[in-house]
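Peer 1: Pasting start-v9.pdb here (PDB, C-alpha atoms):
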```
MODEL        1
ATOM      1  CA  MET A   1      -2.511 -39.490 -25.800
ATOM      2  CA  THR A   2      -6.190 -39.869 -25.089
ATOM      3  CA  SER A   3      -7.836 -38.181 -22.125
ATOM      4  CA  TYR A   4      -8.290 -41.558 -20.472
ATOM      5  CA  ASN A   5      -4.594 -42.283 -20.748
ATOM      6  CA  VAL A   6      -3.731 -38.974 -19.103
ATOM      7  CA  VAL A   7      -5.714 -40.002 -16.051
ATOM      8  CA  SER A   8      -4.304 -43.518 -16.190
ATOM      9  CA  LEU A   9      -0.718 -42.250 -16.360
ATOM     10  CA  ALA A  10      -1.349 -39.791 -13.533
ATOM     11  CA  ARG A  11      -2.684 -42.620 -11.374
ATOM     12  CA  SER A  12       0.320 -44.813 -12.173
ATOM     13  CA  LEU A  13       2.646 -42.018 -11.060
ATOM     14  CA  ILE A  14       0.646 -41.231  -7.929
ATOM     15  CA  ASP A  15       0.639 -44.881  -6.904
ATOM     16  CA  ILE A  16       4.444 -44.899  -6.654
ATOM     17  CA  ASP A  17       5.477 -43.266  -3.394
ATOM     18  CA  SER A  18       7.965 -40.489  -4.218
ATOM     19  CA  THR A  19       8.121 -38.483  -1.040
ATOM     20  CA  THR A  20      11.085 -36.106  -1.347
ATOM     21  CA  GLY A  21      14.256 -38.172  -1.073
ATOM     22  CA  GLN A  22      12.559 -41.320  -2.379
ATOM     23  CA  GLU A  23      11.995 -40.391  -6.034
ATOM     24  CA  GLY A  24      14.211 -43.073  -7.569
ATOM     25  CA  SER A  25      11.448 -45.597  -8.220
ATOM     26  CA  VAL A  26       9.025 -43.221  -9.931
ATOM     27  CA  SER A  27      11.780 -41.631 -12.043
ATOM     28  CA  ARG A  28      13.012 -44.985 -13.342
ATOM     29  CA  TRP A  29       9.512 -46.327 -13.946
ATOM     30  CA  LEU A  30       8.612 -43.250 -15.980
ATOM     31  CA  ALA A  31      11.922 -43.312 -17.877
ATOM     32  CA  GLU A  32      11.155 -46.808 -19.146
ATOM     33  CA  TRP A  33       7.544 -45.871 -19.919
ATOM     34  CA  LEU A  34       8.717 -42.950 -22.057
ATOM     35  CA  ARG A  35      11.441 -44.905 -23.818
ATOM     36  CA  GLY A  36       8.845 -47.499 -24.717
ATOM     37  CA  ARG A  37       7.009 -44.766 -26.612
ATOM     38  CA  GLY A  38      10.016 -43.633 -28.587
ATOM     39  CA  TYR A  39      11.248 -40.691 -26.509
ATOM     40  CA  GLN A  40      14.910 -39.976 -25.866
ATOM     41  CA  VAL A  41      15.334 -39.965 -22.096
ATOM     42  CA  GLN A  42      18.450 -38.648 -20.408
ATOM     43  CA  GLU A  43      18.857 -39.493 -16.731
ATOM     44  CA  GLN A  44      20.575 -36.735 -14.740
ATOM     45  CA  PRO A  45      22.066 -38.012 -11.446
ATOM     46  CA  VAL A  46      21.210 -35.804  -8.470
ATOM     47  CA  GLU A  47      21.958 -37.735  -5.282
ATOM     48  CA  GLY A  48      22.017 -41.449  -4.534
ATOM     49  CA  ASP A  49      19.392 -43.091  -6.726
ATOM     50  CA  ARG A  50      17.565 -39.776  -7.285
ATOM     51  CA  ILE A  51      17.556 -38.669 -10.916
ATOM     52  CA  ASN A  52      16.037 -35.967 -13.099
ATOM     53  CA  LEU A  53      14.580 -36.931 -16.467
ATOM     54  CA  TYR A  54      15.236 -34.863 -19.603
ATOM     55  CA  ILE A  55      12.937 -36.009 -22.413
ATOM     56  CA  THR A  56      13.268 -34.990 -26.076
ATOM     57  CA  LEU A  57      12.416 -35.913 -29.661
ATOM     58  CA  GLY A  58      14.570 -33.230 -31.301
ATOM     59  CA  LYS A  59      16.371 -30.024 -30.313
ATOM     60  CA  PRO A  60      13.965 -28.233 -27.974
ATOM     61  CA  VAL A  61      13.115 -24.541 -28.122
ATOM     62  CA  VAL A  62      10.402 -24.866 -25.444
ATOM     63  CA  ILE A  63      10.743 -26.959 -22.294
ATOM     64  CA  LEU A  64       7.830 -28.176 -20.198
ATOM     65  CA  SER A  65       8.896 -28.900 -16.641
ATOM     66  CA  THR A  66       7.594 -29.988 -13.261
ATOM     67  CA  HIS A  67       8.660 -32.129 -10.295
ATOM     68  CA  LEU A  68       8.120 -35.764  -9.361
ATOM     69  CA  ASP A  69       8.616 -35.503  -5.612
ATOM     70  CA  CYS A  70       5.763 -35.002  -3.158
ATOM     71  CA  VAL A  71       5.328 -33.979   0.456
ATOM     72  CA  PRO A  72       4.439 -36.628   3.053
ATOM     73  CA  PRO A  73       2.358 -38.470   3.919
ATOM     74  CA  TYR A  74       1.875 -40.658   0.860
ATOM     75  CA  PHE A  75      -1.580 -41.913  -0.072
ATOM     76  CA  PRO A  76      -2.610 -43.698  -3.295
ATOM     77  CA  SER A  77      -4.896 -42.595  -6.101
ATOM     78  CA  ARG A  78      -8.622 -42.929  -6.442
ATOM     79  CA  GLU A  79     -11.313 -41.409  -8.663
ATOM     80  CA  GLU A  80     -14.422 -39.985  -7.040
ATOM     81  CA  ASN A  81     -17.080 -37.463  -8.117
ATOM     82  CA  GLY A  82     -15.161 -36.352 -11.192
ATOM     83  CA  CYS A  83     -11.921 -35.810  -9.266
ATOM     84  CA  LEU A  84      -8.598 -37.610  -9.100
ATOM     85  CA  TYR A  85      -7.334 -37.934  -5.523
ATOM     86  CA  GLY A  86      -3.902 -38.942  -4.273
ATOM     87  CA  ARG A  87      -0.595 -37.495  -3.162
ATOM     88  CA  GLY A  88       0.698 -35.575  -6.146
ATOM     89  CA  ALA A  89      -2.661 -35.389  -7.930
ATOM     90  CA  CYS A  90      -2.216 -31.635  -8.345
ATOM     91  CA  ASP A  91       1.329 -31.177  -6.995
ATOM     92  CA  ALA A  92       2.619 -32.289  -9.369
ATOM     93  CA  LYS A  93       2.220 -35.779 -10.868
ATOM     94  CA  GLY A  94      -1.064 -34.894 -12.529
ATOM     95  CA  ILE A  95       0.755 -31.976 -14.104
ATOM     96  CA  ALA A  96       3.539 -34.286 -15.330
ATOM     97  CA  ALA A  97       0.940 -36.512 -16.998
ATOM     98  CA  ALA A  98      -0.697 -33.498 -18.664
ATOM     99  CA  GLN A  99       2.648 -32.237 -19.946
ATOM    100  CA  ILE A 100       3.434 -35.662 -21.404
ATOM    101  CA  GLY A 101       0.007 -35.538 -23.048
ATOM    102  CA  ALA A 102       0.952 -32.217 -24.647
ATOM    103  CA  LEU A 103       4.206 -33.736 -25.959
ATOM    104  CA  GLU A 104       2.161 -36.529 -27.515
ATOM    105  CA  GLN A 105      -0.215 -34.087 -29.195
ATOM    106  CA  LEU A 106       2.661 -32.010 -30.548
ATOM    107  CA  ARG A 107       4.451 -35.126 -31.797
ATOM    108  CA  GLN A 108       1.343 -36.152 -33.701
ATOM    109  CA  THR A 109       1.588 -32.879 -35.656
ATOM    110  CA  GLY A 110       5.269 -33.480 -36.405
ATOM    111  CA  GLU A 111       6.498 -30.960 -33.823
ATOM    112  CA  THR A 112       9.721 -32.068 -32.107
ATOM    113  CA  ARG A 113      10.987 -28.733 -30.736
ATOM    114  CA  VAL A 114       9.332 -29.176 -27.331
ATOM    115  CA  GLY A 115      11.040 -31.134 -24.554
ATOM    116  CA  LEU A 116      10.266 -32.083 -20.968
ATOM    117  CA  LEU A 117      12.302 -31.777 -17.779
ATOM    118  CA  LEU A 118      11.094 -33.693 -14.712
ATOM    119  CA  VAL A 119      13.067 -32.945 -11.565
ATOM    120  CA  VAL A 120      13.346 -34.250  -8.033
ATOM    121  CA  GLY A 121      13.568 -32.402  -4.752
ATOM    122  CA  GLU A 122      11.363 -29.383  -5.472
ATOM    123  CA  GLU A 123       9.571 -29.670  -2.151
ATOM    124  CA  ARG A 124      12.774 -29.433  -0.141
ATOM    125  CA  GLY A 125      15.639 -27.375  -1.506
ATOM    126  CA  SER A 126      15.132 -27.703  -5.297
ATOM    127  CA  HIS A 127      18.145 -30.010  -5.581
ATOM    128  CA  GLY A 128      16.999 -31.415  -8.911
ATOM    129  CA  ALA A 129      16.516 -27.996 -10.465
ATOM    130  CA  ARG A 130      19.896 -26.801  -9.212
ATOM    131  CA  THR A 131      21.534 -29.845 -10.819
ATOM    132  CA  ALA A 132      19.694 -29.386 -14.117
ATOM    133  CA  ASN A 133      20.668 -25.738 -14.301
ATOM    134  CA  LYS A 134      24.319 -26.732 -14.675
ATOM    135  CA  THR A 135      23.616 -28.339 -18.073
ATOM    136  CA  PRO A 136      21.024 -26.234 -19.941
ATOM    137  CA  PRO A 137      20.077 -27.379 -23.464
ATOM    138  CA  GLY A 138      19.877 -23.932 -25.048
ATOM    139  CA  SER A 139      16.075 -23.716 -24.951
ATOM    140  CA  ARG A 140      14.389 -20.300 -25.125
ATOM    141  CA  TYR A 141      11.310 -20.857 -22.950
ATOM    142  CA  LEU A 142      10.554 -22.860 -19.807
ATOM    143  CA  ILE A 143       6.910 -23.651 -18.954
ATOM    144  CA  ASN A 144       6.987 -24.686 -15.309
ATOM    145  CA  GLY A 145       4.080 -26.725 -13.993
ATOM    146  CA  GLU A 146       2.549 -25.990 -10.610
ATOM    147  CA  PRO A 147      -1.135 -25.870  -9.575
ATOM    148  CA  THR A 148      -2.450 -22.501 -10.804
ATOM    149  CA  ASP A 149      -6.080 -23.448 -11.633
ATOM    150  CA  ASN A 150      -5.060 -23.431 -15.319
ATOM    151  CA  ARG A 151      -4.072 -19.761 -15.152
ATOM    152  CA  LEU A 152      -0.791 -18.316 -16.330
ATOM    153  CA  GLY A 153       1.372 -16.887 -13.593
ATOM    154  CA  ALA A 154       2.274 -13.235 -14.047
ATOM    155  CA  ALA A 155       4.588 -13.349 -11.015
ATOM    156  CA  THR A 156       5.347 -15.346  -7.890
ATOM    157  CA  ARG A 157       6.507 -14.181  -4.500
ATOM    158  CA  GLY A 158       9.853 -15.224  -3.108
ATOM    159  CA  VAL A 159      10.865 -16.720   0.214
ATOM    160  CA  TYR A 160      13.240 -15.425   2.852
ATOM    161  CA  ARG A 161      13.667 -17.629   5.901
ATOM    162  CA  VAL A 162      15.594 -16.263   8.844
ATOM    163  CA  ARG A 163      16.484 -17.598  12.287
ATOM    164  CA  LEU A 164      16.081 -15.310  15.297
ATOM    165  CA  GLN A 165      18.610 -16.458  17.884
ATOM    166  CA  ALA A 166      18.390 -15.196  21.472
ATOM    167  CA  HIS A 167      21.152 -15.675  24.052
ATOM    168  CA  GLY A 168      20.737 -15.594  27.814
ATOM    169  CA  ARG A 169      22.391 -16.938  30.959
ATOM    170  CA  ALA A 170      21.414 -20.126  32.760
ATOM    171  CA  ALA A 171      20.493 -20.068  36.450
ATOM    172  CA  HIS A 172      18.418 -22.072  38.891
ATOM    173  CA  SER A 173      14.776 -21.150  38.371
ATOM    174  CA  SER A 174      14.406 -20.447  42.099
ATOM    175  CA  HIS A 175      16.733 -17.471  41.556
ATOM    176  CA  PRO A 176      15.721 -16.058  38.168
ATOM    177  CA  GLU A 177      17.422 -12.752  39.009
ATOM    178  CA  LEU A 178      20.783 -14.527  38.574
ATOM    179  CA  GLY A 179      20.009 -15.543  35.019
ATOM    180  CA  ILE A 180      18.877 -13.998  31.748
ATOM    181  CA  SER A 181      15.978 -15.692  29.982
ATOM    182  CA  ALA A 182      16.627 -16.155  26.282
ATOM    183  CA  ILE A 183      12.978 -17.111  25.817
ATOM    184  CA  GLU A 184      11.820 -13.785  27.243
ATOM    185  CA  LYS A 185      14.156 -11.941  24.865
ATOM    186  CA  LEU A 186      12.887 -13.986  21.920
ATOM    187  CA  LEU A 187       9.247 -13.328  22.846
ATOM    188  CA  ASP A 188       9.954  -9.591  23.063
ATOM    189  CA  ALA A 189      11.533  -9.707  19.600
ATOM    190  CA  LEU A 190       8.540 -11.571  18.149
ATOM    191  CA  VAL A 191       6.131  -9.028  19.653
ATOM    192  CA  ASP A 192       8.219  -6.211  18.144
ATOM    193  CA  LEU A 193       8.141  -8.019  14.785
ATOM    194  CA  ARG A 194       4.371  -7.522  14.669
ATOM    195  CA  LYS A 195       4.887  -3.740  14.672
ATOM    196  CA  ILE A 196       7.464  -3.594  11.868
ATOM    197  CA  ALA A 197       6.395  -2.158   8.513
ATOM    198  CA  LEU A 198       7.397  -4.665   5.823
ATOM    199  CA  PRO A 199       7.868  -3.972   2.080
ATOM    200  CA  THR A 200       4.866  -3.632  -0.253
ATOM    201  CA  THR A 201       4.645  -3.446  -4.046
ATOM    202  CA  ALA A 202       1.750  -2.683  -6.361
ATOM    203  CA  LYS A 203       2.062  -6.000  -8.241
ATOM    204  CA  LEU A 204       2.777  -8.500  -5.460
ATOM    205  CA  GLY A 205       1.134  -6.773  -2.508
ATOM    206  CA  SER A 206       2.473  -6.843   1.053
ATOM    207  CA  THR A 207       5.218  -9.006   2.496
ATOM    208  CA  THR A 208       3.754 -11.654   4.784
ATOM    209  CA  TYR A 209       5.422 -13.877   7.350
ATOM    210  CA  THR A 210       4.877 -16.962   9.475
ATOM    211  CA  VAL A 211       6.655 -17.784  12.717
ATOM    212  CA  ALA A 212       7.157 -21.412  11.757
ATOM    213  CA  LEU A 213       9.402 -22.949  14.425
ATOM    214  CA  ILE A 214      10.296 -22.094  18.024
ATOM    215  CA  ASN A 215      12.898 -23.810  20.201
ATOM    216  CA  GLY A 216      14.332 -22.919  23.586
ATOM    217  CA  GLY A 217      15.411 -23.870  27.065
ATOM    218  CA  ILE A 218      17.108 -26.916  28.523
ATOM    219  CA  ALA A 219      14.926 -27.939  31.514
ATOM    220  CA  PRO A 220      11.791 -26.686  33.282
ATOM    221  CA  ASN A 221      13.749 -25.649  36.383
ATOM    222  CA  VAL A 222      16.489 -23.708  34.547
ATOM    223  CA  VAL A 223      16.423 -20.119  33.308
ATOM    224  CA  PRO A 224      16.782 -20.723  29.547
ATOM    225  CA  PRO A 225      20.187 -19.711  28.148
ATOM    226  CA  HIS A 226      19.164 -20.026  24.494
ATOM    227  CA  ALA A 227      16.069 -19.789  22.319
ATOM    228  CA  SER A 228      15.390 -19.445  18.603
ATOM    229  CA  ALA A 229      12.595 -19.021  16.104
ATOM    230  CA  GLU A 230      12.515 -19.523  12.352
ATOM    231  CA  VAL A 231      10.432 -16.957  10.500
ATOM    232  CA  ASN A 232       9.361 -17.487   6.895
ATOM    233  CA  PHE A 233       8.759 -14.311   4.874
ATOM    234  CA  ARG A 234       7.006 -14.272   1.500
ATOM    235  CA  LEU A 235       8.988 -11.724  -0.468
ATOM    236  CA  VAL A 236       7.665  -9.074  -2.824
ATOM    237  CA  GLY A 237      11.125  -7.640  -3.479
ATOM    238  CA  PRO A 238      14.787  -8.125  -2.497
ATOM    239  CA  SER A 239      15.431  -9.883   0.797
ATOM    240  CA  ARG A 240      17.760  -7.034   1.812
ATOM    241  CA  ASP A 241      14.710  -4.803   2.205
ATOM    242  CA  VAL A 242      13.230  -7.200   4.764
ATOM    243  CA  ARG A 243      16.616  -7.605   6.463
ATOM    244  CA  ARG A 244      16.855  -3.820   6.785
ATOM    245  CA  ALA A 245      13.353  -3.656   8.280
ATOM    246  CA  LEU A 246      14.316  -6.297  10.856
ATOM    247  CA  HIS A 247      17.403  -4.424  12.038
ATOM    248  CA  PRO A 248      15.715  -2.959  15.174
ATOM    249  CA  LEU A 249      15.315  -6.510  16.499
ATOM    250  CA  SER A 250      19.098  -6.891  16.682
ATOM    251  CA  LYS A 251      19.114  -5.295  20.138
ATOM    252  CA  LEU A 252      17.380  -8.455  21.385
ATOM    253  CA  ILE A 253      18.423 -11.247  19.042
ATOM    254  CA  GLU A 254      20.871 -12.254  16.316
ATOM    255  CA  LEU A 255      19.610 -12.752  12.747
ATOM    256  CA  GLU A 256      20.807 -15.709  10.699
ATOM    257  CA  ASP A 257      19.864 -16.084   7.025
ATOM    258  CA  ILE A 258      18.698 -19.603   6.113
ATOM    259  CA  ILE A 259      17.046 -19.612   2.678
ATOM    260  CA  GLU A 260      16.327 -17.038   0.004
ATOM    261  CA  VAL A 261      14.291 -17.552  -3.177
ATOM    262  CA  PRO A 262      13.697 -14.331  -5.111
ATOM    263  CA  PRO A 263      10.318 -13.246  -6.503
ATOM    264  CA  VAL A 264       9.940 -13.813 -10.244
ATOM    265  CA  GLU A 265       8.052 -12.071 -13.051
ATOM    266  CA  MET A 266       7.086 -14.310 -15.949
ATOM    267  CA  VAL A 267       6.181 -14.382 -19.622
ATOM    268  CA  THR A 268       2.498 -14.698 -20.571
ATOM    269  CA  VAL A 269       0.690 -15.470 -23.823
ATOM    270  CA  PRO A 270      -2.718 -14.247 -25.035
ATOM    271  CA  GLY A 271      -5.881 -16.218 -24.386
ATOM    272  CA  PHE A 272      -5.296 -17.177 -20.758
ATOM    273  CA  GLU A 273      -6.307 -15.661 -17.453
ATOM    274  CA  THR A 274      -3.293 -14.504 -15.473
ATOM    275  CA  ALA A 275      -2.691 -14.240 -11.745
ATOM    276  CA  VAL A 276       0.002 -13.465  -9.190
ATOM    277  CA  PHE A 277       0.826 -16.343  -6.838
ATOM    278  CA  PRO A 278       2.243 -16.216  -3.300
ATOM    279  CA  PHE A 279       4.140 -19.513  -3.524
ATOM    280  CA  THR A 280       7.615 -20.275  -4.866
ATOM    281  CA  THR A 281       8.661 -22.719  -7.584
ATOM    282  CA  ASP A 282      11.757 -24.226  -9.194
ATOM    283  CA  ILE A 283      11.829 -21.357 -11.709
ATOM    284  CA  PRO A 284      14.541 -19.294  -9.949
ATOM    285  CA  PHE A 285      16.814 -22.355 -10.004
ATOM    286  CA  LEU A 286      16.221 -23.091 -13.717
ATOM    287  CA  SER A 287      17.227 -19.656 -14.986
ATOM    288  CA  ALA A 288      19.486 -21.117 -17.703
ATOM    289  CA  TRP A 289      16.613 -23.040 -19.314
ATOM    290  CA  GLY A 290      14.822 -20.051 -20.859
ATOM    291  CA  LYS A 291      12.341 -17.308 -20.171
ATOM    292  CA  PRO A 292       9.877 -18.627 -17.576
ATOM    293  CA  LEU A 293       6.139 -19.263 -17.686
ATOM    294  CA  LEU A 294       4.022 -20.843 -14.944
ATOM    295  CA  PHE A 295       0.877 -22.904 -15.557
ATOM    296  CA  GLY A 296      -0.887 -25.986 -14.268
ATOM    297  CA  PRO A 297      -4.175 -27.678 -13.370
ATOM    298  CA  GLY A 298      -5.344 -27.910  -9.780
ATOM    299  CA  SER A 299      -5.379 -25.536  -6.844
ATOM    300  CA  VAL A 300      -2.453 -24.791  -4.568
ATOM    301  CA  LEU A 301      -5.020 -24.663  -1.755
ATOM    302  CA  LEU A 302      -5.396 -28.442  -2.143
ATOM    303  CA  ALA A 303      -1.691 -29.219  -2.514
ATOM    304  CA  HIS A 304      -0.013 -30.686   0.594
ATOM    305  CA  THR A 305      -3.404 -31.474   2.153
ATOM    306  CA  ALA A 306      -4.956 -34.770   3.229
ATOM    307  CA  ASP A 307      -7.623 -34.116   0.572
ATOM    308  CA  GLU A 308      -5.297 -33.415  -2.367
ATOM    309  CA  HIS A 309      -7.084 -33.792  -5.680
ATOM    310  CA  VAL A 310      -7.580 -32.300  -9.124
ATOM    311  CA  ARG A 311     -10.742 -32.171 -11.213
ATOM    312  CA  ILE A 312     -10.410 -34.669 -14.052
ATOM    313  CA  ASP A 313     -11.890 -32.274 -16.605
ATOM    314  CA  GLU A 314      -9.334 -29.640 -15.559
ATOM    315  CA  LEU A 315      -6.526 -32.183 -15.878
ATOM    316  CA  ARG A 316      -7.668 -33.171 -19.366
ATOM    317  CA  ALA A 317      -8.055 -29.544 -20.414
ATOM    318  CA  ALA A 318      -4.484 -28.852 -19.296
ATOM    319  CA  VAL A 319      -3.168 -31.156 -22.047
ATOM    320  CA  ASP A 320      -4.654 -28.868 -24.706
ATOM    321  CA  HIS A 321      -3.593 -25.753 -22.798
ATOM    322  CA  TYR A 322       0.040 -26.822 -22.573
ATOM    323  CA  THR A 323      -0.051 -27.687 -26.269
ATOM    324  CA  GLN A 324      -1.465 -24.266 -27.133
ATOM    325  CA  ILE A 325       1.024 -22.369 -24.946
ATOM    326  CA  ALA A 326       3.990 -24.268 -26.408
ATOM    327  CA  ALA A 327       2.767 -23.760 -29.966
ATOM    328  CA  THR A 328       2.355 -20.009 -29.357
ATOM    329  CA  LEU A 329       5.886 -19.745 -27.978
ATOM    330  CA  LEU A 330       7.291 -21.620 -30.977
ATOM    331  CA  THR A 331       5.903 -18.873 -33.241
ATOM    332  CA  ARG A 332       8.056 -16.395 -31.283
ATOM    333  CA  ALA A 333      11.216 -18.448 -31.678
TER     334      ALA A 333
ENDMDL
END
```
With the file now loaded, output its structure as structure tokens.
Peer 2:
Amino acid sequence: MTSYNVVSLARSLIDIDSTTGQEGSVSRWLAEWLRGRGYQVQEQPVEGDRINLYITLGKPVVILSTHLDCVPPYFPSREENGCLYGRGACDAKGIAAAQIGALEQLRQTGETRVGLLLVVGEERGSHGARTANKTPPGSRYLINGEPTDNRLGAATRGVYRVRLQAHGRAAHSSHPELGISAIEKLLDALVDLRKIALPTTAKLGSTTYTVALINGGIAPNVVPPHASAEVNFRLVGPSRDVRRALHPLSKLIELEDIIEVPPVEMVTVPGFETAVFPFTTDIPFLSAWGKPLLFGPGSVLLAHTADEHVRIDELRAAVDHYTQIAATLLTRA
């Protein structure tokens, strides 16, 4: 695949809206595109018309993988000042195009032991990865693609999302002494949260959190009987350590676990800069597909933004980088 075709394929993918839940069209378009070039393409049903794509030429030892879904809102591709813009340019349709370019380069050398897994639903629940993990192909390495500025990930943080639920007693707001304000209890708990010492590790640093959602009350003239907040922690270790640290809040609120994604340490290869990343990926949900690596063009700081883009030279370079990483791993097989 020429460099021009990598950009052209990326633009074709970007120009098909595949906001999470609507990936069917892009998956089927790409399946036909790949079959037209001689690849074996297995469609893995996920939900409705949503499918993963598993692409091979032989029996794979190394799997390249990324996702085809994007966050809203959709906007189409354009090229400007040496950059490719569009929803998914760096997260992660540009990456998919670069990985396909690496498959093409490896095929030209006669190498058929590298495959590709393209999943749906990464941005909301990793449903595609969870489905794929039920039928692993026996590969030894998984190179997951996310925007890392063409650096290899040494580790990623995890996620622990918890709901703080406060309970009160409704009363007419003219007589607040007859009620118990759940919102006041929730606010006290959130203030106390600021004072709690959270886990820290030498490799991943300190646990961080964001109070992401707050709900409460039933009417402006009623003492609120219920209130809740969802707090998103970026884990540096087991979620139980954070849960233990939050225990003092239980005098004010109830804690309800919502989501947990563990932190992950990954394989690296020589010749690439490495870094630790605070975001999560599909890697924890593809554990049966091999030892994990993380690599991709583009910056996570641009992903999910109204200005999402990737430098075209970085995208083209990623084709060679993926080829080199896969070839190095094959020597270890």
Peer 1: Could you work out how far atom CA of Ala155 of chain A lies from atom CA of Ala197 of chain A, giving the answer in Å with one decimal?
Peer 2: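 The value is 22.6 Å.
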Peer 1: Decode the PyMOL selection byres ((chain A and resi 328) around 12) for the given file into explicit residues and return them as a ChimeraX atom specification.
Peer 2: /A:61-62,114,141,143,267-272,321-327,329-333
Peer 1: What do you get, as a PyMOL selection string, if you spell out every residue that the PyMOL selection byres ((chain A and resi 291-297) around 8) selects here?
Peer 2: chain A and resi 90+94-95+140-154+266-268+283+287+289-290+298-299+310+314-315+318
Peer 1: Go through A:Asn215, A:Gln108, A:Ser18, A:Ser27 and flag the residue nearest Gln165 of chain A, using only C-alpha atoms for the distances.
Peer 2: A:Asn215
Peer 1: Might you pull out every residue within 12 Å of Gly158 of chain A, with all atoms listed in the file counted and same-chain residues fewer than 3 positions away left off, and present them as a PyMOL selection string?
Peer 2: chain A and resi 155+161+204+206-209+232-239+242+259-265+276-284
Peer 1: Using the chain letters and numbers from this file, what does the PyMOL selection byres ((chain A and resi 79) around 10) select? Give the answer as a PyMOL selection string.
Peer 2: chain A and resi 7+11+77-78+80-86+309-312
Peer 1: Find the residue from A:Ala10, A:Val211, A:Pro72, A:Leu53 that sits nearest to Val191 of chain A; use all atoms listed in the file when measuring.
Peer 2: A:Val211
Peer 1: Find the spatial neighbours of Leu9 of chain A, counting all atoms listed in the file, within a cut-off of 12 Å - ignore same-chain residues fewer than 2 positions away - and output them as number ranges by chain.
Peer 2: A: 1-7, 11-16, 26, 29-30, 33-34, 77, 84, 89, 93-101, 315-316
Peer 1: Those same residues - C-alpha atoms - I'd like them written as an mmCIF file, in the frame of the given file.
Peer 2:
```cif
data_model
loop_
_atom_site.group_PDB
_atom_site.id
_atom_site.type_symbol
_atom_site.label_atom_id
_atom_site.label_comp_id
_atom_site.auth_asym_id
_atom_site.auth_seq_id
_atom_site.Cartn_x
_atom_site.Cartn_y
_atom_site.Cartn_z
ATOM 1 C CA MET A 1 -2.511 -39.490 -25.800
ATOM 2 C CA THR A 2 -6.190 -39.869 -25.089
ATOM 3 C CA SER A 3 -7.836 -38.181 -22.125
ATOM 4 C CA TYR A 4 -8.290 -41.558 -20.472
ATOM 5 C CA ASN A 5 -4.594 -42.283 -20.748
ATOM 6 C CA VAL A 6 -3.731 -38.974 -19.103
ATOM 7 C CA VAL A 7 -5.714 -40.002 -16.051
ATOM 8 C CA ARG A 11 -2.684 -42.620 -11.374
ATOM 9 C CA SER A 12 0.320 -44.813 -12.173
ATOM 10 C CA LEU A 13 2.646 -42.018 -11.060
ATOM 11 C CA ILE A 14 0.646 -41.231 -7.929
ATOM 12 C CA ASP A 15 0.639 -44.881 -6.904
ATOM 13 C CA ILE A 16 4.444 -44.899 -6.654
ATOM 14 C CA VAL A 26 9.025 -43.221 -9.931
ATOM 15 C CA TRP A 29 9.512 -46.327 -13.946
ATOM 16 C CA LEU A 30 8.612 -43.250 -15.980
ATOM 17 C CA TRP A 33 7.544 -45.871 -19.919
ATOM 18 C CA LEU A 34 8.717 -42.950 -22.057
ATOM 19 C CA SER A 77 -4.896 -42.595 -6.101
ATOM 20 C CA LEU A 84 -8.598 -37.610 -9.100
ATOM 21 C CA ALA A 89 -2.661 -35.389 -7.930
ATOM 22 C CA LYS A 93 2.220 -35.779 -10.868
ATOM 23 C CA GLY A 94 -1.064 -34.894 -12.529
ATOM 24 C CA ILE A 95 0.755 -31.976 -14.104
ATOM 25 C CA ALA A 96 3.539 -34.286 -15.330
ATOM 26 C CA ALA A 97 0.940 -36.512 -16.998
ATOM 27 C CA ALA A 98 -0.697 -33.498 -18.664
ATOM 28 C CA GLN A 99 2.648 -32.237 -19.946
ATOM 29 C CA ILE A 100 3.434 -35.662 -21.404
ATOM 30 C CA GLY A 101 0.007 -35.538 -23.048
ATOM 31 C CA LEU A 315 -6.526 -32.183 -15.878
ATOM 32 C CA ARG A 316 -7.668 -33.171 -19.366
#
```
Peer 1: Using all atoms listed in the file, find the one residue out of A:Ser126, A:Thr19, A:Ser139, A:Thr131 that sits nearest to Ile63 of chain A.
Peer 2: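 Comparing A:Ser126, A:Thr19, A:Ser139, A:Thr131 against Ile63 of chain A, the winner is A:Ser139.
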Peer 1: How far is it from atom CA of Gly216 of chain A to atom CA of His175 of chain A, in Å with one decimal?
Peer 2: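 Separation between atom CA of Gly216 of chain A and atom CA of His175 of chain A: 18.9 Å.
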Peer 1: Interatomic distance between atom CA of Glu122 of chain A and atom CA of Asp69 of chain A?
Peer 2: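 So the two atoms, atom CA of Glu122 of chain A and atom CA of Asp69 of chain A, lie 6.7 Å apart.
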Peer 1: Any idea what's packed within 7 Å of Ile214 of chain A, counting all atoms listed in the file, ignoring anything in its chain fewer than 3 positions away? Could you give it as an mmCIF file with C-alpha atoms, in the frame of the given file?
Peer 2:
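Saved result, out-v6.cif, follows:
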```
data_model
loop_
_atom_site.group_PDB
_atom_site.id
_atom_site.type_symbol
_atom_site.label_atom_id
_atom_site.label_comp_id
_atom_site.auth_asym_id
_atom_site.auth_seq_id
_atom_site.Cartn_x
_atom_site.Cartn_y
_atom_site.Cartn_z
ATOM 1 C CA SER A 228 15.390 -19.445 18.603
ATOM 2 C CA ALA A 229 12.595 -19.021 16.104
ATOM 3 C CA GLU A 230 12.515 -19.523 12.352
#
```
Peer 1: I'd like the box whose edges run along x, y and z of the file and which contains every listed atom of segment 308-315 of chain A, padded by 6 Å per side; could you state its centre and edge lengths in Å, one decimal, as AutoDock Vina command-line options?
Peer 2:
```
--center_x -8.6 --center_y -32.2 --center_z -9.5 --size_x 18.6 --size_y 17.0 --size_z 26.2
```
Peer 1: Counting all atoms listed in the file, which of A:Gly205, A:Gly168, A:Pro248, A:Pro73 gets nearest to Pro224 of chain A?
Peer 2: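 Closest residue, counting all atoms listed in the file: A:Gly168.
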Peer 1: Quick one: of A:Ser250, A:Asn52, A:Thr112, A:Gln22, who's nearest to Asp188 of chain A, counting only C-alpha atoms?
Peer 2: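 Looking only at the distances to Asp188 of chain A, the closest residue turns out to be A:Ser250.
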